[in-house]
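Next comes start-v8.cif, with mmCIF, C-alpha atoms.
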data_work
loop_
_atom_site.label_atom_id
_atom_site.label_comp_id
_atom_site.auth_asym_id
_atom_site.auth_seq_id
_atom_site.Cartn_x
_atom_site.Cartn_y
_atom_site.Cartn_z
CA MET A 1 -42.50 -47.01 -23.63
CA LEU A 2 -44.46 -47.85 -20.51
CA GLU A 3 -44.15 -51.37 -19.18
CA ASP A 4 -47.20 -53.50 -19.98
CA GLU A 5 -48.58 -50.62 -22.03
CA LYS A 6 -50.65 -52.90 -24.23
CA ASN A 7 -52.46 -54.31 -21.23
CA LEU A 8 -53.09 -50.82 -19.84
CA ILE A 9 -54.53 -49.68 -23.17
CA GLU A 10 -56.82 -52.71 -23.35
CA ARG A 11 -58.05 -51.99 -19.82
CA ALA A 12 -58.52 -48.30 -20.61
CA ILE A 13 -60.56 -49.23 -23.69
CA LYS A 14 -62.83 -51.23 -21.38
CA GLY A 15 -63.29 -48.05 -19.35
CA GLU A 16 -60.90 -48.75 -16.48
CA LYS A 17 -60.05 -45.35 -15.06
CA GLU A 18 -57.05 -46.57 -13.13
CA ALA A 19 -55.38 -47.89 -16.28
CA PHE A 20 -55.91 -44.65 -18.15
CA GLY A 21 -54.64 -42.76 -15.10
CA LEU A 22 -51.33 -44.63 -15.33
CA LEU A 23 -51.03 -43.86 -19.02
CA TYR A 24 -51.82 -40.21 -18.29
CA LYS A 25 -49.17 -39.96 -15.58
CA HIS A 26 -46.56 -41.47 -17.89
CA TYR A 27 -47.25 -39.46 -21.04
CA GLN A 28 -48.72 -36.19 -19.78
CA PRO A 29 -45.38 -34.46 -18.94
CA GLN A 30 -43.90 -35.03 -22.39
CA ILE A 31 -47.08 -34.04 -24.22
CA TYR A 32 -47.33 -30.94 -22.04
CA ARG A 33 -43.70 -30.09 -22.82
CA PHE A 34 -44.27 -30.56 -26.54
CA ILE A 35 -47.28 -28.23 -26.48
CA TYR A 36 -45.66 -25.70 -24.16
CA ILE A 37 -42.59 -25.29 -26.37
CA LYS A 38 -44.85 -24.74 -29.35
CA VAL A 39 -47.34 -22.30 -27.81
CA SER A 40 -45.10 -20.63 -25.17
CA ARG A 41 -47.95 -19.88 -22.79
CA ARG A 42 -48.59 -21.95 -19.72
CA VAL A 43 -52.35 -21.41 -19.69
CA GLU A 44 -52.73 -22.39 -23.34
CA ALA A 45 -50.40 -25.34 -22.91
CA GLU A 46 -52.40 -26.61 -19.95
CA ASP A 47 -55.67 -26.15 -21.78
CA LEU A 48 -54.44 -27.91 -24.92
CA CYS A 49 -52.81 -30.71 -22.97
CA HIS A 50 -56.06 -31.27 -21.12
CA GLN A 51 -57.91 -31.42 -24.44
CA VAL A 52 -55.41 -33.95 -25.81
CA PHE A 53 -55.94 -36.39 -22.95
CA LEU A 54 -59.68 -35.81 -22.87
CA LYS A 55 -59.83 -36.75 -26.56
CA ALA A 56 -57.57 -39.72 -25.92
CA TRP A 57 -59.86 -40.96 -23.12
CA GLN A 58 -62.98 -40.47 -25.20
CA ASN A 59 -61.57 -42.08 -28.34
CA ILE A 60 -59.16 -44.67 -27.00
CA GLU A 61 -61.39 -47.35 -28.51
CA SER A 62 -60.35 -46.18 -31.97
CA PHE A 63 -56.66 -46.52 -31.13
CA SER A 64 -55.06 -49.46 -32.92
CA TYR A 65 -52.10 -50.77 -30.92
CA GLN A 66 -50.66 -52.81 -33.81
CA ASN A 67 -50.09 -49.77 -35.98
CA PHE A 68 -48.08 -47.51 -33.68
CA PRO A 69 -47.31 -46.82 -30.01
CA LEU A 70 -49.64 -44.73 -27.87
CA SER A 71 -47.09 -41.90 -27.63
CA SER A 72 -47.21 -41.38 -31.40
CA TRP A 73 -51.00 -41.28 -31.29
CA LEU A 74 -50.94 -38.72 -28.48
CA TYR A 75 -48.43 -36.57 -30.36
CA ARG A 76 -50.70 -36.64 -33.40
CA ILE A 77 -53.61 -35.37 -31.31
CA ALA A 78 -51.38 -32.74 -29.70
CA ARG A 79 -50.10 -31.52 -33.07
CA ASN A 80 -53.63 -31.19 -34.39
CA GLN A 81 -54.67 -29.30 -31.26
CA VAL A 82 -51.80 -26.84 -31.66
CA ILE A 83 -52.53 -26.36 -35.37
CA ASP A 84 -56.21 -25.74 -34.59
CA MET A 85 -55.28 -23.20 -31.94
CA TYR A 86 -52.97 -21.33 -34.30
CA ARG A 87 -55.73 -21.27 -36.89
CA THR A 88 -58.06 -19.49 -34.52
CA LYS A 89 -55.62 -17.15 -32.73
CA LYS A 90 -52.00 -16.18 -33.00
CA ILE A 91 -49.88 -16.31 -29.88
CA GLU A 92 -46.61 -14.52 -29.50
CA LEU A 93 -43.70 -15.52 -27.35
CA ASP A 94 -44.27 -14.34 -23.80
CA ILE A 95 -41.09 -13.98 -21.79
CA GLU A 96 -43.03 -13.26 -18.61
CA GLU A 97 -44.63 -16.68 -18.87
CA LEU A 98 -41.21 -18.22 -19.15
CA GLU A 99 -40.16 -16.53 -15.94
CA LYS A 100 -43.32 -17.66 -14.17
CA MET A 101 -42.60 -21.20 -15.26
CA ALA A 102 -39.08 -21.01 -13.96
CA ILE A 103 -40.40 -19.77 -10.64
CA SER A 104 -42.98 -22.58 -10.45
CA ASN A 105 -40.20 -25.09 -11.06
CA PRO A 106 -37.48 -23.98 -8.66
CA GLY A 107 -35.11 -26.87 -9.40
CA MET A 108 -35.12 -26.12 -13.06
CA GLU A 109 -33.24 -22.82 -12.90
CA GLU A 110 -30.35 -24.45 -11.11
CA LYS A 111 -29.93 -27.09 -13.76
CA LEU A 112 -29.94 -24.62 -16.63
CA ASP A 113 -26.82 -22.60 -17.35
CA SER A 114 -29.00 -19.57 -17.00
CA LYS A 115 -32.55 -18.47 -17.62
CA LYS A 116 -31.29 -16.63 -20.67
CA GLU A 117 -29.78 -19.80 -22.05
CA PHE A 118 -33.08 -21.53 -21.65
CA GLU A 119 -34.89 -18.64 -23.28
CA LYS A 120 -32.41 -18.59 -26.14
CA ALA A 121 -32.87 -22.28 -26.89
CA LYS A 122 -36.62 -21.95 -26.75
CA SER A 123 -36.79 -18.85 -28.93
CA ALA A 124 -34.41 -20.45 -31.46
CA LEU A 125 -36.66 -23.46 -31.58
CA LYS A 126 -39.65 -21.21 -32.15
CA GLN A 127 -38.02 -19.79 -35.29
CA LEU A 128 -37.97 -23.17 -36.98
CA LYS A 129 -40.77 -24.40 -39.21
CA PRO A 130 -43.53 -26.22 -37.23
CA GLU A 131 -42.50 -29.56 -38.72
CA GLN A 132 -38.84 -29.01 -37.81
CA GLN A 133 -39.90 -28.00 -34.28
CA ASP A 134 -41.84 -31.26 -33.93
CA VAL A 135 -38.88 -33.36 -35.02
CA ILE A 136 -36.36 -31.54 -32.78
CA ILE A 137 -38.60 -31.71 -29.71
CA MET A 138 -39.35 -35.38 -30.20
CA ARG A 139 -35.80 -36.36 -31.12
CA TYR A 140 -33.67 -34.32 -28.71
CA ILE A 141 -35.96 -33.41 -25.84
CA GLU A 142 -38.11 -36.53 -25.66
CA GLU A 143 -35.42 -38.80 -27.15
CA MET A 144 -37.82 -40.65 -29.40
CA SER A 145 -36.54 -42.87 -32.21
CA PRO A 146 -36.88 -41.71 -35.84
CA LYS A 147 -39.36 -44.54 -36.37
CA GLU A 148 -41.60 -43.35 -33.52
CA ILE A 149 -41.39 -39.78 -34.79
CA ALA A 150 -42.22 -40.96 -38.29
CA LEU A 151 -45.35 -42.67 -36.99
CA ALA A 152 -46.42 -39.60 -35.05
CA LEU A 153 -45.88 -37.27 -38.00
CA LYS A 154 -47.14 -39.71 -40.66
CA LYS A 155 -43.81 -39.63 -42.48
CA THR A 156 -41.09 -42.13 -43.34
CA PRO A 157 -38.07 -42.44 -40.98
CA THR A 158 -35.86 -41.19 -43.84
CA ALA A 159 -37.99 -38.07 -44.24
CA VAL A 160 -37.73 -37.51 -40.47
CA ARG A 161 -33.92 -37.73 -40.64
CA ILE A 162 -33.84 -35.18 -43.48
CA ILE A 163 -36.08 -32.78 -41.52
CA GLN A 164 -33.90 -33.31 -38.44
CA HIS A 165 -30.72 -32.52 -40.39
CA ARG A 166 -32.21 -29.32 -41.87
CA ALA A 167 -33.63 -28.27 -38.50
CA LEU A 168 -30.25 -28.63 -36.76
CA LYS A 169 -28.58 -26.66 -39.52
CA SER A 170 -31.13 -23.86 -39.14
CA LEU A 171 -30.81 -23.95 -35.34
CA ARG A 172 -27.05 -23.57 -35.54
CA GLN A 173 -27.42 -20.57 -37.83
CA ILE A 174 -29.99 -18.97 -35.51
CA LEU A 175 -27.88 -19.52 -32.40
CA GLU A 176 -24.71 -18.24 -34.06
CA LYS A 177 -26.35 -14.92 -34.94
CA MET B 1 -23.61 -29.35 -32.58
CA GLN B 2 -23.17 -31.01 -29.19
CA ASN B 3 -23.78 -27.64 -27.56
CA ILE B 4 -27.10 -27.21 -29.35
CA VAL B 5 -28.27 -30.67 -28.38
CA GLU B 6 -27.28 -30.04 -24.75
CA LYS B 7 -29.21 -26.78 -24.75
CA LEU B 8 -32.24 -28.52 -26.19
CA LYS B 9 -32.05 -31.28 -23.58
CA ASN B 10 -32.35 -28.62 -20.92
CA LEU B 11 -35.86 -27.97 -22.12
CA LYS B 12 -36.79 -31.36 -20.71
CA GLU B 13 -36.95 -29.66 -17.36
CA ILE B 14 -40.26 -28.12 -18.35
CA GLN B 15 -42.85 -29.85 -16.19
CA PRO B 16 -46.59 -29.35 -15.83
CA ASP B 17 -47.96 -28.04 -12.55
CA LYS B 18 -48.83 -30.94 -10.23
CA GLU B 19 -52.12 -29.46 -9.07
CA TYR B 20 -53.17 -28.78 -12.63
CA SER B 21 -52.25 -32.35 -13.65
CA GLN B 22 -54.25 -33.83 -10.80
CA SER B 23 -57.39 -31.78 -11.45
CA SER B 24 -57.15 -32.33 -15.21
CA LEU B 25 -56.91 -36.09 -14.74
CA SER B 26 -59.84 -36.27 -12.35
CA PHE B 27 -61.95 -34.16 -14.74
CA ILE B 28 -61.03 -36.41 -17.67
CA LEU B 29 -61.78 -39.63 -15.81
CA ASN B 30 -65.16 -38.30 -14.67
CA SER B 31 -66.22 -37.49 -18.21
CA PRO B 32 -67.91 -40.31 -20.16
CA GLN B 33 -66.10 -42.20 -22.87
CA THR B 34 -67.68 -41.45 -26.25
CA SER B 35 -69.94 -44.25 -27.37
CA THR B 36 -68.69 -45.30 -30.78
CA PRO B 37 -71.37 -45.92 -33.45
CA LYS B 38 -71.95 -49.61 -34.23
CA LEU B 39 -70.88 -49.30 -37.86
CA PHE B 40 -67.64 -47.62 -36.85
CA LYS B 41 -67.04 -50.39 -34.29
CA ILE B 42 -67.49 -53.01 -37.01
CA SER B 43 -65.09 -51.19 -39.33
CA LEU B 44 -62.56 -50.95 -36.50
CA LEU B 45 -62.88 -54.65 -35.79
CA TRP B 46 -62.47 -55.39 -39.47
CA GLN B 47 -59.45 -53.09 -39.68
CA LYS B 48 -57.89 -54.63 -36.57
CA THR B 49 -58.43 -58.16 -37.89
CA PHE B 50 -56.75 -57.37 -41.18
CA ASN B 51 -53.96 -55.41 -39.54
CA SER B 52 -53.19 -58.37 -37.32
CA LEU B 53 -52.80 -60.64 -40.33
CA LYS B 54 -49.28 -60.78 -41.66
CA LEU B 55 -48.51 -61.26 -45.34
CA SER B 56 -48.06 -65.02 -45.02
CA SER B 57 -51.34 -65.49 -43.18
CA SER B 58 -53.05 -63.17 -45.64
CA LEU B 59 -51.81 -65.32 -48.50
CA ALA B 60 -52.97 -68.47 -46.68
CA VAL B 61 -56.44 -66.99 -46.16
CA ALA B 62 -56.57 -65.92 -49.81
CA GLY B 63 -55.55 -69.44 -50.87
CA VAL B 64 -58.28 -71.03 -48.76
CA LEU B 65 -60.84 -68.61 -50.21
CA VAL B 66 -59.77 -69.46 -53.78
CA LEU B 67 -60.05 -73.18 -52.96
CA VAL B 68 -63.54 -72.70 -51.49
CA VAL B 69 -64.65 -70.77 -54.58
CA PHE B 70 -63.20 -73.47 -56.88
CA ILE B 71 -64.88 -76.32 -55.00
CA SER B 72 -68.19 -74.43 -54.94
CA ALA B 73 -67.97 -73.83 -58.69
CA LEU B 74 -67.22 -77.50 -59.28
CA TYR B 75 -70.15 -78.56 -57.08
CA LEU B 76 -72.53 -76.17 -58.79
CA ASN B 77 -71.37 -77.37 -62.17
CA THR B 78 -72.14 -80.99 -61.34
CA VAL B 79 -75.38 -80.47 -59.44
CA VAL B 80 -77.11 -77.34 -60.67
CA SER B 81 -75.59 -77.01 -64.12
CA PRO B 82 -78.14 -76.16 -66.86
CA LEU B 83 -76.72 -79.01 -68.95
CA ILE B 84 -77.79 -81.44 -66.22
CA LEU B 85 -81.43 -80.23 -66.21
CA PRO B 86 -83.72 -82.79 -67.92
CA GLY B 87 -85.37 -80.10 -70.01
CA LEU B 88 -82.07 -79.08 -71.57
CA ASN B 89 -80.27 -82.39 -71.88
CA THR B 90 -80.32 -83.58 -75.57
CA SER B 91 -79.88 -87.30 -74.82
CA ASN B 92 -82.76 -87.16 -72.34
CA ILE B 93 -84.91 -85.31 -74.85
CA SER B 94 -84.26 -87.88 -77.64
CA ALA B 95 -84.97 -90.78 -75.24
CA GLU B 96 -88.22 -89.13 -74.22
CA ALA B 97 -89.14 -88.53 -77.87
CA ASP B 98 -88.47 -92.20 -78.65
CA GLN B 99 -90.73 -93.25 -75.79
CA ILE B 100 -93.53 -90.97 -77.03
CA ASP B 101 -93.08 -92.31 -80.57
CA GLN B 102 -93.40 -95.89 -79.33
CA SER B 103 -96.58 -95.13 -77.37
CA ILE B 104 -98.08 -93.46 -80.46
CA ASN B 105 -97.28 -96.56 -82.54
CA ILE B 106 -98.87 -98.79 -79.91
CA ASN B 107 -102.02 -96.67 -79.95
CA LEU B 108 -102.20 -96.79 -83.75
CA ASN B 109 -101.88 -100.60 -83.69
CA GLU B 110 -104.68 -100.79 -81.13
CA ILE B 111 -106.87 -98.57 -83.27
CA ASN B 112 -106.19 -100.76 -86.32
CA TYR B 113 -106.95 -103.90 -84.33
CA HIS B 114 -110.19 -102.47 -82.98
CA LYS B 115 -111.22 -101.36 -86.45
CA LEU B 116 -110.50 -104.79 -87.93
CA SER B 117 -112.23 -106.68 -85.15
CA GLN B 118 -115.25 -104.41 -85.47
CA GLU B 119 -115.45 -105.12 -89.17
CA ILE B 120 -115.19 -108.89 -88.62
CA THR B 121 -117.81 -108.81 -85.89
CA GLN B 122 -120.15 -106.83 -88.08
CA LYS B 123 -119.71 -109.24 -90.97
CA THR B 124 -120.24 -112.25 -88.73
CA LEU B 125 -123.42 -110.78 -87.24
CA GLU B 126 -124.73 -110.07 -90.69
CA LYS B 127 -124.03 -113.66 -91.70
CA ILE B 128 -125.75 -114.99 -88.62
CA SER B 129 -128.81 -112.87 -89.17
CA GLN B 130 -128.99 -114.02 -92.76
CA ALA B 131 -128.54 -117.59 -91.77
CA SER B 132 -131.30 -117.52 -89.11
CA THR B 133 -133.89 -116.58 -91.76
CA SER B 134 -132.90 -119.31 -94.33
CA PRO B 135 -135.27 -122.45 -94.85
CA GLU B 136 -132.45 -124.88 -94.16
CA ASN B 137 -132.21 -123.56 -90.72
CA SER B 138 -135.96 -123.93 -90.07
CA ASP B 139 -135.74 -127.63 -90.95
CA ILE B 140 -132.92 -128.09 -88.59
CA LEU B 141 -134.89 -126.32 -85.89
CA SER B 142 -137.94 -128.53 -86.44
CA ASN B 143 -135.71 -131.61 -86.33
CA GLU B 144 -134.23 -130.42 -83.15
CA LYS B 145 -137.72 -129.95 -81.70
CA GLN B 146 -138.61 -133.49 -82.63
CA ILE B 147 -135.52 -134.83 -80.99
CA ASP B 148 -136.33 -132.83 -77.89
CA THR B 149 -139.86 -134.27 -77.65
CA LEU B 150 -138.54 -137.82 -78.13
CA LEU B 151 -136.01 -137.32 -75.44
CA ASP B 152 -138.70 -136.00 -73.10
CA GLU B 153 -140.76 -139.09 -73.69
CA LEU B 154 -137.83 -141.36 -72.94
CA ILE B 155 -137.24 -139.64 -69.68
CA LYS B 156 -140.86 -140.09 -68.73
#
Structure encoded using structure tokens:
Amino acid sequence: MLEDEKNLIERAIKGEKEAFGLLYKHYQPQIYRFIYIKVSRRVEAEDLCHQVFLKAWQNIESFSYQNFPLSSWLYRIARNQVIDMYRTKKIELDIEELEKMAISNPGMEEKLDSKKEFEKAKSALKQLKPEQQDVIIMRYIEEMSPKEIALALKKTPTAVRIIQHRALKSLRQILEK
Amino acid sequence: MQNIVEKLKNLKEIQPDKEYSQSSLSFILNSPQTSTPKLFKISLLWQKTFNSLKLSSSLAVAGVLVLVVFISALYLNTVVSPLILPGLNTSNISAEADQIDQSININLNEINYHKLSQEITQKTLEKISQASTSPENSDILSNEKQIDTLLDELIK
């Protein structure tokens, strides 16, 4: 969580652009990642991510800090955006996009075992149920706690742990094929 | 399992384009914040207030409210109770009835007195009128006239 997040949120509610800018810079990469893994297209991911933060800026007044952290709220918006997009049009996995992304992030390819490895992990993740995808992304990529995930997905931490267990089991089976 | 988790962690390298991020942010910040309807604002404030209250404070507030209601009920019972209203209080009604009864008795006594005194007066007047026409009275009157003339002479 961002340091002095509560104060930044209060300032953003009052309309302070600078405060919201700091929140954006902190949370935008992880929200973008979450959306990108789920939609697989850079253009769509950028568009949806933009929509998420636009909605957050316009409705930050309705955000209640006592109930859950801002990240959970942003994930909720992002999830709804992705669901809405899938309702209107179906997107298939685009390997070319993946390559483009790797090119636009030169350092990334070095860190990965190989581009194929990256692709394999991503396509395996895509085969999971949407709910399982959410839990795996939040738990293992964003390293969120089960409690935070539970708040974002409107579930209990126990339910999150069960989904996580089933998702990992399915992932193992997919990757072993 | 460890291998899967490691592979997944590699996906953290996915980063948004910097130019895109910059332009998106500036577009967002230049768009107006939605003005929330007043009613929604009130409900949010209400929700926030209650969310901020913990169980103990909620119980304390509830206790205070119960006390206020109890005191109000007690106050209303002593001040505005229908049993306190003069029109509905039985002891007040009987006292008032007694008072009216007494005043009626007084009036009846007065009427009796007036009637009696009228009768006496009438009888007395009749007696006087009868007496003024009797011959005994004329003698007395003539005697009185004589005395008067004698007295007048003495004075002269």
Requested in this report: Using all atoms listed in the file, find all polymer residues with an atom at most 12 Å away from the point (-27.9, -31.9, -28.5); report them as a PyMOL selection string.
Outcome: (chain A and resi 121+136-137+139-143+164+168+171-172) or (chain B and resi 1-12)
**Report entry** Result set, the PyMOL selection byres ((chain A) within 7 of (chain B)) on current file, as a PyMOL selection string
**Finding:** chain A and resi 17+29+32-33+50+54+57-59+62+64+108+112+121+140-141
Query raised in the report: For Leu70 in chain A, which residue out of A:Gln173, A:Gln28, A:Gln132, A:Thr158 is the nearest one, using only C-alpha atoms?
Result: A:Gln28
**Report entry** Separation of CA of Phe63 in chain A from CA of Asp4 in chain A in Å
**Finding:** 16.2 Å
Report task. Tell me which residues the PyMOL selection byres ((chain A and resi 45) around 12) grabs here, as number ranges by chain. Result -> A: 28-44, 46-52, 78-79, 81-82, 85, 91, 97, 101; B: 14-17, 20-21
Query raised in the report: What is the distance between CA of Ala73 in chain B and CA of Ser56 in chain B, in Å to one decimal?
Result: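 CA of Ser56 in chain B lies at a distance of 25.7 Å from CA of Ala73 in chain B.
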Query raised in the report: What is the distance, in Å and to one decimal place, between CA of Phe70 in chain B and CA of Ser57 in chain B?
Result: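 Going from CA of Phe70 in chain B over to CA of Ser57 in chain B, I get 19.8 Å.
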Name the residues captured by the PyMOL selection byres ((chain A and resi 20) around 10) when it is applied to the shown file; answer as a compact mmCIF listing (two decimals) with C-alpha atoms, keeping the file's coordinate frame.
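Below is the file selection_14.txt, written as the result:
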# COMPACT_ATOMS: atom_id res chain seq x y z
CA LEU A 8 -53.09 -50.82 -19.84
CA ILE A 9 -54.53 -49.68 -23.17
CA GLU A 10 -56.82 -52.71 -23.35
CA ARG A 11 -58.05 -51.99 -19.82
CA ALA A 12 -58.52 -48.30 -20.61
CA ILE A 13 -60.56 -49.23 -23.69
CA GLY A 15 -63.29 -48.05 -19.35
CA GLU A 16 -60.90 -48.75 -16.48
CA LYS A 17 -60.05 -45.35 -15.06
CA GLU A 18 -57.05 -46.57 -13.13
CA ALA A 19 -55.38 -47.89 -16.28
CA GLY A 21 -54.64 -42.76 -15.10
CA LEU A 22 -51.33 -44.63 -15.33
CA LEU A 23 -51.03 -43.86 -19.02
CA TYR A 24 -51.82 -40.21 -18.29
CA LYS A 25 -49.17 -39.96 -15.58
CA HIS A 26 -46.56 -41.47 -17.89
CA PHE A 53 -55.94 -36.39 -22.95
CA ALA A 56 -57.57 -39.72 -25.92
CA TRP A 57 -59.86 -40.96 -23.12
CA ILE A 60 -59.16 -44.67 -27.00
CA LEU B 25 -56.91 -36.09 -14.74
CA ILE B 28 -61.03 -36.41 -17.67
CA LEU B 29 -61.78 -39.63 -15.81
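Every protein or nucleic acid residue with an atom no more than 9 Å from Tyr27 in chain A, counting only C-alpha atoms and leaving out same-chain residues fewer than 6 positions away, appears here: Leu2, Leu70, Ser71 and Leu74 of chain A.
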